[in-house]
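Enquirer: Following this line is target.tsv, made up of TSV, C-alpha atoms:
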chain	number	residue	atom	x	y	z
O	22	GLY	CA	-33.87	3.03	-23.67
O	23	ASP	CA	-36.70	3.39	-21.17
O	24	GLY	CA	-35.24	6.24	-19.16
O	25	ASP	CA	-32.32	4.43	-17.57
O	26	SER	CA	-30.50	7.66	-16.73
O	27	ASP	CA	-31.34	9.75	-13.69
O	28	GLY	CA	-32.73	12.42	-16.00
O	29	ASP	CA	-32.17	16.16	-16.01
O	30	SER	CA	-32.23	18.20	-12.84
O	31	ASP	CA	-33.04	21.85	-12.29
O	32	GLY	CA	-31.16	21.87	-9.01
O	33	ASP	CA	-33.98	21.02	-6.61
O	34	GLY	CA	-34.94	17.57	-7.82
O	35	CYS	CA	-37.96	18.55	-9.92
O	36	PHE	CA	-36.64	16.89	-13.07
O	37	ARG	CA	-34.60	14.10	-11.52
O	38	GLY	CA	-35.65	10.51	-11.95
O	39	GLN	CA	-36.25	8.06	-14.75
O	40	ILE	CA	-39.85	9.03	-15.50
O	41	TRP	CA	-38.82	11.89	-17.79
O	42	GLY	CA	-36.68	9.72	-20.06
O	43	ARG	CA	-39.29	6.97	-19.96
O	44	ILE	CA	-42.06	9.19	-21.28
O	45	ASP	CA	-39.77	10.57	-23.99
O	46	ASP	CA	-38.89	7.02	-25.03
O	47	TRP	CA	-42.49	5.82	-24.96
O	48	ILE	CA	-43.69	8.73	-27.10
O	49	HIS	CA	-41.02	7.82	-29.66
O	50	LEU	CA	-42.00	4.13	-29.57
O	51	ALA	CA	-45.71	4.93	-29.85
O	52	LYS	CA	-45.09	7.11	-32.92
O	53	LYS	CA	-42.91	4.45	-34.49
O	54	GLY	CA	-45.48	1.75	-33.77
O	55	SER	CA	-48.33	3.76	-35.25
O	56	GLU	CA	-46.34	4.37	-38.42
O	57	CYS	CA	-45.44	0.69	-38.86
O	58	ALA	CA	-48.66	-1.00	-37.75
O	59	SER	CA	-51.55	-1.84	-40.00
O	60	ILE	CA	-54.36	-0.20	-38.06
O	61	SER	CA	-58.08	-0.34	-38.72
O	62	ASN	CA	-60.12	2.45	-40.23
O	63	ASP	CA	-61.69	3.11	-36.84
O	64	ASN	CA	-58.31	4.12	-35.43
O	65	ASP	CA	-56.40	5.49	-38.42
O	66	GLU	CA	-57.22	9.07	-37.42
O	67	LEU	CA	-57.72	8.57	-33.69
O	68	ILE	CA	-54.24	7.28	-32.85
O	69	PRO	CA	-52.29	10.09	-34.59
O	70	SER	CA	-54.64	12.58	-32.93
O	71	MET	CA	-54.04	11.06	-29.49
O	72	LEU	CA	-50.28	11.01	-30.06
O	73	ALA	CA	-50.31	14.65	-31.08
O	74	GLU	CA	-52.25	15.51	-27.94
O	75	ILE	CA	-49.83	13.52	-25.77
O	76	GLN	CA	-46.84	15.30	-27.31
O	77	THR	CA	-48.41	18.73	-26.84
O	78	GLU	CA	-49.34	18.03	-23.24
O	79	TRP	CA	-45.93	16.51	-22.53
O	80	ILE	CA	-44.20	19.72	-23.58
O	81	TRP	CA	-46.66	21.75	-21.50
O	82	ILE	CA	-46.42	19.72	-18.28
O	83	GLN	CA	-42.62	19.69	-18.33
O	84	GLY	CA	-42.56	23.46	-18.62
O	85	GLU	CA	-45.26	23.87	-15.99
O	86	LEU	CA	-43.58	21.67	-13.41
O	87	ARG	CA	-40.26	23.42	-14.01
O	88	ALA	CA	-41.92	26.82	-13.73
O	89	GLY	CA	-43.70	25.68	-10.57
O	90	SER	CA	-40.34	24.70	-9.12
O	91	GLU	CA	-38.52	27.89	-10.04
O	92	GLY	CA	-41.45	30.04	-8.97
O	93	TYR	CA	-41.64	28.66	-5.44
O	94	LYS	CA	-40.74	31.94	-3.71
O	95	THR	CA	-43.04	33.96	-5.95
O	96	ASN	CA	-45.99	31.70	-5.27
O	97	HIS	CA	-45.54	31.85	-1.52
O	98	THR	CA	-44.42	35.42	-0.86
O	99	LYS	CA	-47.66	36.12	1.05
O	100	LYS	CA	-46.95	33.32	3.50
O	101	SER	CA	-44.95	33.90	6.66
O	102	LYS	CA	-41.34	32.75	6.72
O	103	HIS	CA	-42.36	29.90	9.01
O	104	ASP	CA	-45.11	28.75	6.64
O	105	GLN	CA	-42.72	28.96	3.71
O	106	LEU	CA	-40.35	26.61	5.51
O	107	VAL	CA	-43.16	24.12	6.16
O	108	VAL	CA	-44.19	24.20	2.49
O	109	GLN	CA	-40.59	23.91	1.35
O	110	ARG	CA	-39.99	20.84	3.49
O	111	ALA	CA	-43.12	19.17	2.13
O	112	MET	CA	-42.04	19.95	-1.44
O	113	GLU	CA	-38.55	18.61	-0.83
O	114	PHE	CA	-39.96	15.41	0.61
O	115	CYS	CA	-42.28	14.93	-2.37
O	116	ARG	CA	-39.48	15.57	-4.84
O	117	GLY	CA	-36.96	13.30	-3.14
O	118	VAL	CA	-35.78	10.62	-5.57
O	119	VAL	CA	-36.31	7.11	-4.17
O	120	PHE	CA	-36.84	3.59	-5.46
O	121	THR	CA	-40.39	3.48	-6.79
O	122	HIS	CA	-42.67	0.67	-7.98
O	123	MET	CA	-44.61	2.80	-10.49
O	124	ASP	CA	-47.36	0.23	-11.02
O	125	CYS	CA	-48.85	-0.29	-7.57
O	126	GLN	CA	-52.36	-1.43	-8.45
O	127	SER	CA	-54.69	-4.19	-7.28
O	128	LEU	CA	-53.41	-6.84	-9.70
O	129	ASN	CA	-49.86	-6.35	-8.41
O	130	ILE	CA	-50.64	-6.70	-4.69
O	131	MET	CA	-50.62	-10.24	-3.33
O	132	THR	CA	-52.26	-11.06	0.00
O	133	PRO	CA	-52.44	-14.42	1.81
O	134	GLU	CA	-55.77	-16.24	1.61
O	135	HIS	CA	-56.38	-16.03	5.37
O	136	ALA	CA	-56.07	-12.23	5.35
O	137	GLN	CA	-59.80	-11.86	4.69
O	138	ASP	CA	-61.12	-14.80	6.70
O	139	ASP	CA	-59.24	-14.84	9.98
O	140	ASP	CA	-60.46	-12.50	12.72
O	141	ASP	CA	-57.59	-13.22	15.13
O	142	GLU	CA	-55.70	-9.99	15.78
O	143	ASP	CA	-52.26	-11.61	15.79
O	144	ASP	CA	-52.98	-13.39	12.53
O	145	ASP	CA	-54.19	-10.13	11.05
O	146	ASP	CA	-50.83	-8.58	11.90
O	147	ASP	CA	-49.09	-11.51	10.22
O	148	ALA	CA	-51.30	-11.14	7.18
O	149	ILE	CA	-50.38	-7.48	6.84
O	150	ALA	CA	-46.71	-8.40	7.08
O	151	ASP	CA	-47.19	-11.02	4.34
O	152	ILE	CA	-48.56	-8.59	1.75
O	153	ARG	CA	-46.28	-8.60	-1.29
O	154	LEU	CA	-45.89	-6.39	-4.33
O	155	ILE	CA	-45.15	-8.08	-7.65
O	156	ASP	CA	-44.32	-6.94	-11.19
O	157	PHE	CA	-41.39	-4.55	-10.84
O	158	GLU	CA	-41.08	-4.16	-14.61
O	159	TYR	CA	-41.55	-0.39	-14.43
O	160	ALA	CA	-39.78	0.21	-11.12
O	161	GLY	CA	-36.95	2.69	-10.89
O	162	MET	CA	-35.56	5.78	-9.23
O	163	ASN	CA	-38.11	8.60	-9.31
O	164	PRO	CA	-39.50	11.45	-7.22
O	165	ARG	CA	-41.74	9.86	-4.60
O	166	ALA	CA	-44.59	12.20	-5.60
O	167	VAL	CA	-44.78	10.49	-9.00
O	168	ASP	CA	-45.15	7.04	-7.45
O	169	LEU	CA	-47.70	8.27	-4.91
O	170	ALA	CA	-49.64	9.97	-7.71
O	171	ASN	CA	-49.62	6.78	-9.75
O	172	THR	CA	-50.84	4.77	-6.74
O	173	PHE	CA	-53.68	7.20	-6.07
O	174	ALA	CA	-54.70	7.09	-9.74
O	175	GLU	CA	-55.04	3.33	-9.39
O	176	PHE	CA	-57.66	3.83	-6.68
O	177	CYS	CA	-59.91	4.48	-9.69
O	178	ASP	CA	-61.26	1.52	-11.65
O	179	MET	CA	-58.56	1.39	-14.34
O	180	ASN	CA	-58.54	-2.38	-14.75
O	181	ASN	CA	-62.19	-2.43	-15.82
O	182	LEU	CA	-61.80	0.73	-17.90
O	183	LYS	CA	-64.40	2.50	-15.77
O	184	PRO	CA	-62.52	5.03	-13.65
O	185	ALA	CA	-64.75	7.55	-11.88
O	186	TYR	CA	-62.09	10.07	-11.02
O	187	ALA	CA	-64.24	12.43	-8.97
O	188	ALA	CA	-65.76	9.62	-6.89
O	189	GLN	CA	-62.92	7.11	-6.65
O	190	TYR	CA	-59.78	9.21	-6.29
O	191	PRO	CA	-58.86	9.20	-2.59
O	192	SER	CA	-60.35	12.01	-0.55
O	193	ALA	CA	-58.17	14.55	1.23
O	194	CYS	CA	-58.70	12.62	4.49
O	195	VAL	CA	-57.67	9.30	2.94
O	196	GLN	CA	-54.63	10.91	1.33
O	197	ASP	CA	-53.55	12.40	4.65
O	198	VAL	CA	-53.82	9.04	6.42
O	199	PHE	CA	-51.81	7.44	3.62
O	200	PHE	CA	-49.16	10.18	3.73
O	201	MET	CA	-48.70	9.93	7.49
O	202	ALA	CA	-48.37	6.13	7.36
O	203	TYR	CA	-45.93	6.46	4.46
O	204	ILE	CA	-43.83	9.03	6.31
O	205	ARG	CA	-43.71	6.95	9.49
O	206	GLU	CA	-42.39	3.98	7.51
O	207	ASN	CA	-39.88	5.97	5.44
O	208	ASP	CA	-38.64	8.98	7.39
O	209	CYS	CA	-38.61	8.68	11.18
O	210	ALA	CA	-37.05	12.12	11.64
O	211	LEU	CA	-39.75	13.80	9.59
O	212	ALA	CA	-42.45	11.81	11.38
O	213	LYS	CA	-41.12	13.02	14.74
O	214	ASP	CA	-41.02	16.61	13.52
O	215	LEU	CA	-44.63	16.36	12.34
O	216	ASP	CA	-45.62	14.94	15.72
O	217	ASP	CA	-44.01	17.98	17.35
O	218	MET	CA	-45.66	20.47	14.99
O	219	GLY	CA	-48.88	22.23	15.71
O	220	LYS	CA	-52.07	21.16	13.96
O	221	VAL	CA	-52.02	24.12	11.56
O	222	ASP	CA	-48.48	23.35	10.43
O	223	VAL	CA	-49.25	19.66	9.88
O	224	GLU	CA	-52.34	20.59	7.86
O	225	LEU	CA	-50.22	22.94	5.71
O	226	PHE	CA	-47.60	20.23	5.18
O	227	LEU	CA	-50.25	17.69	4.10
O	228	LEU	CA	-52.06	20.24	1.93
O	229	THR	CA	-48.78	20.89	0.12
O	230	MET	CA	-48.22	17.17	-0.37
O	231	ARG	CA	-51.72	16.71	-1.78
O	232	GLY	CA	-51.11	19.49	-4.29
O	233	GLU	CA	-47.72	18.21	-5.37
O	234	VAL	CA	-48.92	14.61	-5.72
O	235	GLY	CA	-52.05	15.74	-7.55
O	236	LYS	CA	-50.03	17.67	-10.11
O	237	ASN	CA	-47.74	14.69	-10.63
O	238	SER	CA	-50.78	12.55	-11.45
O	239	LEU	CA	-50.61	14.15	-14.89
O	240	LEU	CA	-47.31	12.36	-15.47
O	241	SER	CA	-48.93	9.05	-14.56
O	242	HIS	CA	-51.82	9.52	-16.96
O	243	LEU	CA	-49.63	10.67	-19.85
O	244	CYS	CA	-47.20	7.83	-19.27
O	245	TRP	CA	-49.84	5.10	-19.28
O	246	SER	CA	-51.81	6.53	-22.17
O	247	CYS	CA	-48.64	6.42	-24.23
O	248	TRP	CA	-47.91	2.88	-23.01
O	249	ALA	CA	-51.37	1.79	-24.14
O	250	LEU	CA	-50.77	3.06	-27.67
O	251	ILE	CA	-47.50	1.13	-27.79
O	252	GLN	CA	-49.26	-2.03	-26.62
O	253	PHE	CA	-52.02	-1.57	-29.18
O	254	SER	CA	-49.43	-1.85	-31.94
O	255	ALA	CA	-47.18	-4.47	-30.35
O	256	SER	CA	-49.14	-6.67	-27.92
O	257	SER	CA	-51.01	-9.89	-28.73
O	258	ILE	CA	-52.96	-9.71	-25.44
O	259	ALA	CA	-56.71	-9.27	-25.87
O	260	PHE	CA	-57.24	-5.95	-24.14
O	261	ASP	CA	-58.87	-2.71	-25.24
O	262	TYR	CA	-55.72	-0.59	-25.24
O	263	ILE	CA	-57.34	2.24	-27.19
O	264	THR	CA	-60.06	2.70	-24.57
O	265	TYR	CA	-57.42	2.51	-21.84
O	266	ALA	CA	-55.46	5.28	-23.57
O	267	LYS	CA	-58.66	7.32	-23.80
O	268	VAL	CA	-59.59	7.00	-20.13
O	269	ARG	CA	-56.04	7.86	-19.13
O	270	LEU	CA	-56.17	11.03	-21.22
O	271	GLU	CA	-59.52	11.81	-19.62
O	272	GLY	CA	-57.81	11.41	-16.25
O	273	TYR	CA	-55.03	13.72	-17.38
O	274	HIS	CA	-57.50	16.47	-18.23
O	275	PHE	CA	-59.56	15.88	-15.09
O	276	PHE	CA	-56.54	16.58	-12.90
O	277	LYS	CA	-55.20	19.31	-15.14
O	278	GLU	CA	-58.48	21.15	-14.72
O	279	LYS	CA	-58.42	20.51	-10.97
O	280	HIS	CA	-54.92	21.89	-10.45
O	281	TRP	CA	-54.84	24.45	-13.29
O	282	PRO	CA	-58.51	25.55	-13.40
O	283	HIS	CA	-57.73	28.83	-15.15
O	284	LEU	CA	-56.90	26.86	-18.32
O	285	TYR	CA	-60.46	25.51	-18.63
Now that the file is in, can you turn its structure into structure tokens?

Expert:
Amino acid sequence: GDGDSDGDSDGDGCFRGQIWGRIDDWIHLAKKGSECASISNDNDELIPSMLAEIQTEWIWIQGELRAGSEGYKTNHTKKSKHDQLVVQRAMEFCRGVVFTHMDCQSLNIMTPEHAQDDDDEDDDDDAIADIRLIDFEYAGMNPRAVDLANTFAEFCDMNNLKPAYAAQYPSACVQDVFFMAYIRENDCALAKDLDDMGKVDVELFLLTMRGEVGKNSLLSHLCWSCWALIQFSASSIAFDYITYAKVRLEGYHFFKEKHWPHLY
């Protein structure tokens, strides 16, 4: 249950991690829940339709990410050998399997009360150090790009069911700042290498990361749309799970069109 295995691997880490098994499991649970639940007339056609869409897109994105992995050399044959190495290192970093939170959003980030009120620089440093993540229910071993993609998706107003993906998703500049801070905290050797690289190489590395993380955002949106359909059938919490599933599928298609524009 819930993707406890490390998942399949195609040799370069593209399919490693628990996210793959988790989505498979959640699709199964959502189908089972929809078959067993007594749902209203407003949703008796909508939910099966959404589940069918999720299943179709799940098959597609798995094949696309695998093809993207195997086609690395084909996609970059016009780049110099040096550029190919920069891109490859960025891809390998994104696909590295690490411990991930997988639900890093505003309601799961705790900050001390004085973090907003105290202007003293030393206290500000202490406040930053005191920031805590909570709710590790969905944490596990996954490619870091999936967790980064999920975090960036949460920049949009998911909690109020009003995400404006074009306006709220972090800009390229914000993503780059985030990536560099993340790398400095997690991989000192890579951070040093980036410091030693020329500006063009660093920009290529970050561009590659933005693309890889952006494509992995589709996994985040599919995963949470499926979760919402499960909760609609099983949860007693008063929350509009159907609308949440809808906005997540809208996010899926927004980023699918952004990264695979030829399909639209």

Enquirer: Could you tell me how far CA of Asn181 (chain O) sits from CA of Ile155 (chain O), in Å to one decimal place?

Expert: 19.7 Å

Enquirer: Counting only C-alpha atoms, which residue out of O:Met201, O:Gly54, O:Leu182, O:Phe173 sits closest to Lys267 (chain O)?

Expert: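 Residue with the minimum atom-to-atom distance to Lys267 (chain O): O:Leu182.
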
Enquirer: Residues at most 8 Å from region 110-126 of chain O, counting all atoms listed in the file, excluding those fewer than 4 positions away in the same chain, as a ChimeraX atom specification?

Expert: /O:33-35,37-38,106,130,154,156-157,159-168,171-172,175-176,226-227,229-230,233-234

Enquirer: Looking at all atoms listed in the file, which of O:Val108, O:Leu243, O:Ala266, O:Cys194 is the one that sits closest to Ile44 (chain O)?

Expert: O:Leu243

Enquirer: When you look at region 238-242 of chain O with a cut-off of 6 Å (counting only C-alpha atoms), what residues show up, excluding the ones that are within fewer than 5 positions of it in the same chain? I need them as a ChimeraX atom specification.

Expert: /O:170-171,269,273

Enquirer: Work out how far apart CA of Asn180 (chain O) and CA of Gln252 (chain O) are and give it in Å to one decimal.

Expert: 15.1 Å

Enquirer: Would you please work out which residue, of O:Met71, O:Ile40, O:Leu211, O:Leu250, is nearest to Leu270 (chain O) when using all atoms listed in the file?

Expert: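 Comparing O:Met71, O:Ile40, O:Leu211, O:Leu250 against Leu270 (chain O), the winner is O:Met71.
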
Enquirer: For CA of Ala174 (chain O) and CA of Val268 (chain O), determine how far apart the two atoms are, in Å to one decimal place.

Expert: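 Between CA of Ala174 (chain O) and CA of Val268 (chain O) the gap works out to 11.5 Å.
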
Enquirer: So that I can check the surroundings of Gln76 (chain O), please list as a compact mmCIF listing (two decimals) with C-alpha atoms, in the frame of the given file every protein, DNA and RNA residue that reaches within 8 Å of it, counting all atoms listed in the file and ignoring chain neighbours fewer than 4 positions away.

Expert:
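Result file out-v5.txt:
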# COMPACT_ATOMS: atom_id res chain seq x y z
CA ILE O 48 -43.69 8.73 -27.10
CA LEU O 72 -50.28 11.01 -30.06
CA ILE O 80 -44.20 19.72 -23.58

Enquirer: Compare O:Val107, O:Ala187, O:Ile68, O:Met179 by their minimum atom-to-atom distance to Glu278 (chain O), counting only C-alpha atoms, and give me the closest one.

Expert: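 Going through O:Val107, O:Ala187, O:Ile68, O:Met179 one by one, the smallest distance to Glu278 (chain O) is for O:Ala187.
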
Enquirer: From the options O:Ser192, O:Ser70, O:Asn129, O:Ser256, which residue's atoms come nearest to Lys52 (chain O), counting only C-alpha atoms?

Expert: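 Answer, going by the shortest atom-to-atom distance: O:Ser70.
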
Enquirer: Calculated over all atoms listed in the file, which of the candidates O:Tyr186, O:Ala249, O:Gln39, O:Met218 has the smallest distance to Lys279 (chain O)?

Expert: O:Tyr186

Enquirer: Give, as lines of an AutoDock Vina configuration file, the centre coordinates and the x, y and z edge lengths in Å to one decimal for an axis-aligned box around all listed atoms of region 149-162 of chain O, padded by 3 Å on each side.

Expert:
center_x = -43.0
center_y = -2.6
center_z = -3.8
size_x = 20.8
size_y = 22.8
size_z = 27.7

Enquirer: Could you pull region 197-227 of chain O out of the block above and give me N, CA, C and O atoms, as an mmCIF file, in the first residue's frame?

Expert:
data_model
loop_
_atom_site.group_PDB
_atom_site.id
_atom_site.type_symbol
_atom_site.label_atom_id
_atom_site.label_comp_id
_atom_site.auth_asym_id
_atom_site.auth_seq_id
_atom_site.Cartn_x
_atom_site.Cartn_y
_atom_site.Cartn_z
ATOM 1 N N ASP O 197 15.160 30.197 -9.651
ATOM 2 C CA ASP O 197 16.620 30.127 -9.642
ATOM 3 C C ASP O 197 17.184 30.438 -8.263
ATOM 4 O O ASP O 197 18.128 29.783 -7.801
ATOM 5 N N VAL O 198 16.625 31.444 -7.596
ATOM 6 C CA VAL O 198 17.060 31.776 -6.235
ATOM 7 C C VAL O 198 16.799 30.591 -5.305
ATOM 8 O O VAL O 198 17.652 30.217 -4.486
ATOM 9 N N PHE O 199 15.628 30.004 -5.437
ATOM 10 C CA PHE O 199 15.264 28.840 -4.627
ATOM 11 C C PHE O 199 16.232 27.685 -4.892
ATOM 12 O O PHE O 199 16.750 27.061 -3.953
ATOM 13 N N PHE O 200 16.485 27.395 -6.168
ATOM 14 C CA PHE O 200 17.378 26.290 -6.524
ATOM 15 C C PHE O 200 18.772 26.491 -5.930
ATOM 16 O O PHE O 200 19.371 25.554 -5.382
ATOM 17 N N MET O 201 19.302 27.695 -6.053
ATOM 18 C CA MET O 201 20.658 27.935 -5.571
ATOM 19 C C MET O 201 20.726 27.793 -4.052
ATOM 20 O O MET O 201 21.694 27.227 -3.514
ATOM 21 N N ALA O 202 19.712 28.290 -3.348
ATOM 22 C CA ALA O 202 19.685 28.133 -1.890
ATOM 23 C C ALA O 202 19.564 26.658 -1.521
ATOM 24 O O ALA O 202 20.223 26.185 -0.584
ATOM 25 N N TYR O 203 18.733 25.947 -2.249
ATOM 26 C CA TYR O 203 18.536 24.513 -2.013
ATOM 27 C C TYR O 203 19.847 23.746 -2.227
ATOM 28 O O TYR O 203 20.239 22.903 -1.414
ATOM 29 N N ILE O 204 20.527 24.058 -3.312
ATOM 30 C CA ILE O 204 21.788 23.366 -3.622
ATOM 31 C C ILE O 204 22.841 23.654 -2.564
ATOM 32 O O ILE O 204 23.560 22.757 -2.121
ATOM 33 N N ARG O 205 22.927 24.904 -2.119
ATOM 34 C CA ARG O 205 23.932 25.256 -1.109
ATOM 35 C C ARG O 205 23.688 24.523 0.209
ATOM 36 O O ARG O 205 24.625 24.217 0.937
ATOM 37 N N GLU O 206 22.436 24.230 0.516
ATOM 38 C CA GLU O 206 22.114 23.521 1.748
ATOM 39 C C GLU O 206 22.294 22.007 1.613
ATOM 40 O O GLU O 206 22.480 21.321 2.605
ATOM 41 N N ASN O 207 22.215 21.494 0.381
ATOM 42 C CA ASN O 207 22.144 20.045 0.194
ATOM 43 C C ASN O 207 23.331 19.417 -0.517
ATOM 44 O O ASN O 207 23.532 18.207 -0.397
ATOM 45 N N ASP O 208 24.082 20.199 -1.260
ATOM 46 C CA ASP O 208 25.183 19.610 -2.039
ATOM 47 C C ASP O 208 26.307 20.644 -2.160
ATOM 48 O O ASP O 208 26.367 21.408 -3.128
ATOM 49 N N CYS O 209 27.193 20.636 -1.192
ATOM 50 C CA CYS O 209 28.270 21.639 -1.152
ATOM 51 C C CYS O 209 29.193 21.519 -2.356
ATOM 52 O O CYS O 209 29.674 22.532 -2.888
ATOM 53 N N ALA O 210 29.444 20.287 -2.794
ATOM 54 C CA ALA O 210 30.332 20.084 -3.943
ATOM 55 C C ALA O 210 29.726 20.686 -5.206
ATOM 56 O O ALA O 210 30.414 21.357 -5.989
ATOM 57 N N LEU O 211 28.445 20.447 -5.414
ATOM 58 C CA LEU O 211 27.775 21.018 -6.582
ATOM 59 C C LEU O 211 27.728 22.538 -6.479
ATOM 60 O O LEU O 211 27.943 23.240 -7.475
ATOM 61 N N ALA O 212 27.460 23.049 -5.293
ATOM 62 C CA ALA O 212 27.426 24.504 -5.110
ATOM 63 C C ALA O 212 28.766 25.129 -5.475
ATOM 64 O O ALA O 212 28.818 26.173 -6.140
ATOM 65 N N LYS O 213 29.856 24.484 -5.051
ATOM 66 C CA LYS O 213 31.194 25.002 -5.381
ATOM 67 C C LYS O 213 31.433 24.967 -6.887
ATOM 68 O O LYS O 213 31.989 25.908 -7.464
ATOM 69 N N ASP O 214 31.016 23.869 -7.520
ATOM 70 C CA ASP O 214 31.196 23.759 -8.968
ATOM 71 C C ASP O 214 30.412 24.848 -9.703
ATOM 72 O O ASP O 214 30.905 25.424 -10.679
ATOM 73 N N LEU O 215 29.206 25.141 -9.231
ATOM 74 C CA LEU O 215 28.409 26.192 -9.858
ATOM 75 C C LEU O 215 29.056 27.561 -9.656
ATOM 76 O O LEU O 215 29.031 28.408 -10.555
ATOM 77 N N ASP O 216 29.655 27.748 -8.487
ATOM 78 C CA ASP O 216 30.360 29.013 -8.237
ATOM 79 C C ASP O 216 31.541 29.186 -9.196
ATOM 80 O O ASP O 216 31.888 30.305 -9.573
ATOM 81 N N ASP O 217 32.146 28.065 -9.573
ATOM 82 C CA ASP O 217 33.312 28.101 -10.456
ATOM 83 C C ASP O 217 32.932 28.145 -11.931
ATOM 84 O O ASP O 217 33.780 28.389 -12.789
ATOM 85 N N MET O 218 31.674 27.859 -12.240
ATOM 86 C CA MET O 218 31.223 27.867 -13.630
ATOM 87 C C MET O 218 31.056 29.291 -14.139
ATOM 88 O O MET O 218 30.871 30.230 -13.368
ATOM 89 N N GLY O 219 31.075 29.412 -15.436
ATOM 90 C CA GLY O 219 30.749 30.694 -16.039
ATOM 91 C C GLY O 219 29.251 30.945 -15.993
ATOM 92 O O GLY O 219 28.446 30.035 -15.772
ATOM 93 N N LYS O 220 28.874 32.189 -16.220
ATOM 94 C CA LYS O 220 27.463 32.581 -16.133
ATOM 95 C C LYS O 220 26.591 31.785 -17.100
ATOM 96 O O LYS O 220 25.478 31.363 -16.753
ATOM 97 N N VAL O 221 27.077 31.558 -18.305
ATOM 98 C CA VAL O 221 26.290 30.840 -19.316
ATOM 99 C C VAL O 221 26.022 29.410 -18.868
ATOM 100 O O VAL O 221 24.908 28.891 -19.024
ATOM 101 N N ASP O 222 27.021 28.768 -18.293
ATOM 102 C CA ASP O 222 26.850 27.390 -17.831
ATOM 103 C C ASP O 222 25.857 27.311 -16.665
ATOM 104 O O ASP O 222 25.032 26.399 -16.594
ATOM 105 N N VAL O 223 25.961 28.257 -15.744
ATOM 106 C CA VAL O 223 25.022 28.272 -14.605
ATOM 107 C C VAL O 223 23.601 28.479 -15.110
ATOM 108 O O VAL O 223 22.661 27.815 -14.646
ATOM 109 N N GLU O 224 23.431 29.402 -16.073
ATOM 110 C CA GLU O 224 22.098 29.649 -16.619
ATOM 111 C C GLU O 224 21.544 28.398 -17.301
ATOM 112 O O GLU O 224 20.349 28.091 -17.184
ATOM 113 N N LEU O 225 22.396 27.645 -17.988
ATOM 114 C CA LEU O 225 21.967 26.407 -18.634
ATOM 115 C C LEU O 225 21.575 25.362 -17.593
ATOM 116 O O LEU O 225 20.569 24.657 -17.748
ATOM 117 N N PHE O 226 22.347 25.264 -16.533
ATOM 118 C CA PHE O 226 22.054 24.322 -15.449
ATOM 119 C C PHE O 226 20.688 24.644 -14.837
ATOM 120 O O PHE O 226 19.845 23.753 -14.653
ATOM 121 N N LEU O 227 20.452 25.918 -14.528
ATOM 122 C CA LEU O 227 19.195 26.323 -13.897
ATOM 123 C C LEU O 227 18.015 26.194 -14.860
ATOM 124 O O LEU O 227 16.906 25.810 -14.448
#
